[in-house]
Amino acid sequence: MPLVLSHAAFLDGRMFDGIWEPLAQTFRVIRYDMRGFGQSSDVHGPLARRDDLNRLLKHLDITRAHLVGCSNGGELMLDLVLEQPDLAASLTLVDSTPSGFQMQGDPPRYINEMFEALKTGDVKRGNELQIRIWIDGEFREPEQINSSLREKALAMNYLPVSRKTFLIADMQPLNPLDPPTVTRLGEVGCPTLVVVGALDHPETLRAADILSQKIPNARKVIMDGTGHVPSYEQPEKFVMHLLEFLHGVA
């Protein structure tokens, strides 16, 4: 059975380096760079990310797969599963929020400064602030993060920041689901695992609660000591949780 990995929208397919080999021992594992990230082409206008993934799977003749998405990668997979429920043998959502989810309370720190840097073309500052938001998070400072992982994240994120990927393609995405996914979670029919890092923004943890409560028979795992990308920070523990879930599905 194929297993498809979809990355967060500030990294690229290299974020899965740490989980690739152990998963490939059991599954045909597929990862890809979204347009505007990594080795993919530039973007020239708004996109519906789920449509890109759907075209990729059709090109690879994949009609059913285990889907694993982190952050925006999970959001687009969840949207795709609602449109094509037969596609998913299972769904794993990692620190993802469903489309239509409304944030409450204070926004993530540095986010206003980050958007200002992106709009003014300050690539270096925009890159650093985005990593502070999504890797360091609300509760840690840069020196508390594994330095090699942080440097790799900066290198991955530099590409979409310098290419203005978010501003061009994702600020106003094409064809959002109507009604939005957050109102349709009860329609998800495949086995679902919700994974969230304990040190992520509180609103992401609230979204994980909503996902696990409203998706039928969903399971939730909280990974201690990690932020927005637990599979990147703690790949061995993430693989353990994922394989336990997938073996149960099988």
# chains A, B, ... in the order shown; residues from 1 in each chain; ligands from 1
$ residues_around --residues "Leu82 in chain A" --least-positions-apart "2" --cutoff "12 Å" --atoms "only C-alpha atoms" --output "number ranges by chain"
A: 50, 75-80, 84-88, 91, 98-99, 177-190, 215
$ residues_around --residues "range 37-41 of chain A" --least-positions-apart "2" --cutoff "8 Å" --atoms "only C-alpha atoms" --output "ChimeraX atom specification"
/A:11-13,33-35,43,156,159-160,165
$ residues_around --residues "Asp200 in chain A" --least-positions-apart "3" --cutoff "9 Å" --atoms "only C-alpha atoms" --output "PDB file with C-alpha atoms, in the first residue's frame"
ATOM      1  CA  ASP A  95      -0.310  19.694  13.766  1.00  0.00           C
ATOM      2  CA  TRP A 134       6.912  27.381  13.387  1.00  0.00           C
ATOM      3  CA  ILE A 135      10.080  25.683  14.707  1.00  0.00           C
ATOM      4  CA  ASP A 136      10.876  27.542  17.945  1.00  0.00           C
ATOM      5  CA  GLY A 137       7.202  28.207  18.646  1.00  0.00           C
ATOM      6  CA  GLU A 138       5.557  30.047  21.509  1.00  0.00           C
ATOM      7  CA  PHE A 139       7.531  28.535  24.352  1.00  0.00           C
ATOM      8  CA  VAL A 196       0.161  17.271  17.770  1.00  0.00           C
ATOM      9  CA  GLY A 197       3.281  18.616  19.447  1.00  0.00           C
ATOM     10  CA  GLU A 203      -4.809  27.036  18.987  1.00  0.00           C
ATOM     11  CA  THR A 204      -3.211  24.151  17.111  1.00  0.00           C
ATOM     12  CA  LEU A 205      -3.787  21.956  20.143  1.00  0.00           C
ATOM     13  CA  THR A 226       8.029  18.980  20.252  1.00  0.00           C
ATOM     14  CA  GLY A 227       6.466  21.910  18.487  1.00  0.00           C
ATOM     15  CA  HIS A 228       4.776  22.252  15.102  1.00  0.00           C
ATOM     16  CA  VAL A 229       6.723  19.514  13.276  1.00  0.00           C
TER      17      VAL A 229
END
$ residues_around --residues "Met240 in chain A" --least-positions-apart "6" --cutoff "12 Å" --atoms "only C-alpha atoms" --output "VMD selection string"
chain A and resid 19 22 to 23 221 223 231 234 246 to 247
$ closest_residue --among "A:Glu128, A:Asp42, A:Asp51, A:Asp224" --to "Phe166 in chain A" --atoms "only C-alpha atoms"
A:Asp42
$ select_by_dssp --residues "range 74-114 of chain A" --states "strand (DSSP E or B)" --output "ChimeraX atom specification"
/A:88-94
$ write_last_selection --atoms "C-alpha atoms" --output "PDB file, in the first residue's frame"
ATOM      1  CA  ALA A  88      -7.681   7.288   1.701  1.00  0.00           C
ATOM      2  CA  ALA A  89      -6.909   3.964   3.339  1.00  0.00           C
ATOM      3  CA  SER A  90      -6.087   6.100   6.363  1.00  0.00           C
ATOM      4  CA  LEU A  91      -5.381   9.728   7.206  1.00  0.00           C
ATOM      5  CA  THR A  92      -2.754  11.092   9.611  1.00  0.00           C
ATOM      6  CA  LEU A  93      -2.985  14.792  10.449  1.00  0.00           C
ATOM      7  CA  VAL A  94       0.101  16.282  12.108  1.00  0.00           C
TER       8      VAL A  94
END
$ select_by_dssp --residues "range 20-130 of chain A" --states "helix (DSSP H, G or I)" --output "VMD selection string"
chain A and resid 20 to 24 49 to 59 72 to 83 85 to 87 111 to 120 123 to 130
$ closest_residue --among "A:Phe10, A:Tyr158, A:Phe16, A:Phe101" --to "Asp122 in chain A" --atoms "only C-alpha atoms"
A:Tyr158
$ closest_residue --among "A:Ala169, A:Val81, A:Leu56, A:Ile131" --to "Ala153 in chain A" --atoms "only C-alpha atoms"
A:Ile131
$ residues_around --residues "Gly126 in chain A" --least-positions-apart "6" --cutoff "7 Å" --atoms "only C-alpha atoms" --output "list in words"
Met114, Ala117 and Leu118 of chain A
$ closest_residue --among "A:Pro2, A:Glu233, A:His44, A:Asn175" --to "Ile145 in chain A" --atoms "only C-alpha atoms"
A:Glu233
$ residues_around --residues "Asp170 in chain A" --least-positions-apart "3" --cutoff "9 Å" --atoms "only C-alpha atoms" --output "list in words"
Gly45, Pro46, Leu47, Ala48, Arg49, Thr165, Phe166, Leu167, Pro173 and Leu174 of chain A
$ write_last_selection --atoms "C-alpha atoms" --output "short mmCIF file (atom, residue, chain, number, x, y, z; two decimals), in the first residue's frame"
data_model
loop_
_atom_site.label_atom_id
_atom_site.label_comp_id
_atom_site.auth_asym_id
_atom_site.auth_seq_id
_atom_site.Cartn_x
_atom_site.Cartn_y
_atom_site.Cartn_z
CA GLY A 45 -0.95 32.67 -9.11
CA PRO A 46 -3.33 31.23 -6.52
CA LEU A 47 -3.48 27.44 -6.22
CA ALA A 48 -5.75 24.74 -4.87
CA ARG A 49 -3.08 22.56 -3.28
CA THR A 165 5.29 31.44 -2.64
CA PHE A 166 2.79 32.22 0.13
CA LEU A 167 1.98 35.72 -1.11
CA PRO A 173 -6.13 29.98 -2.41
CA LEU A 174 -8.30 28.79 -5.29
#
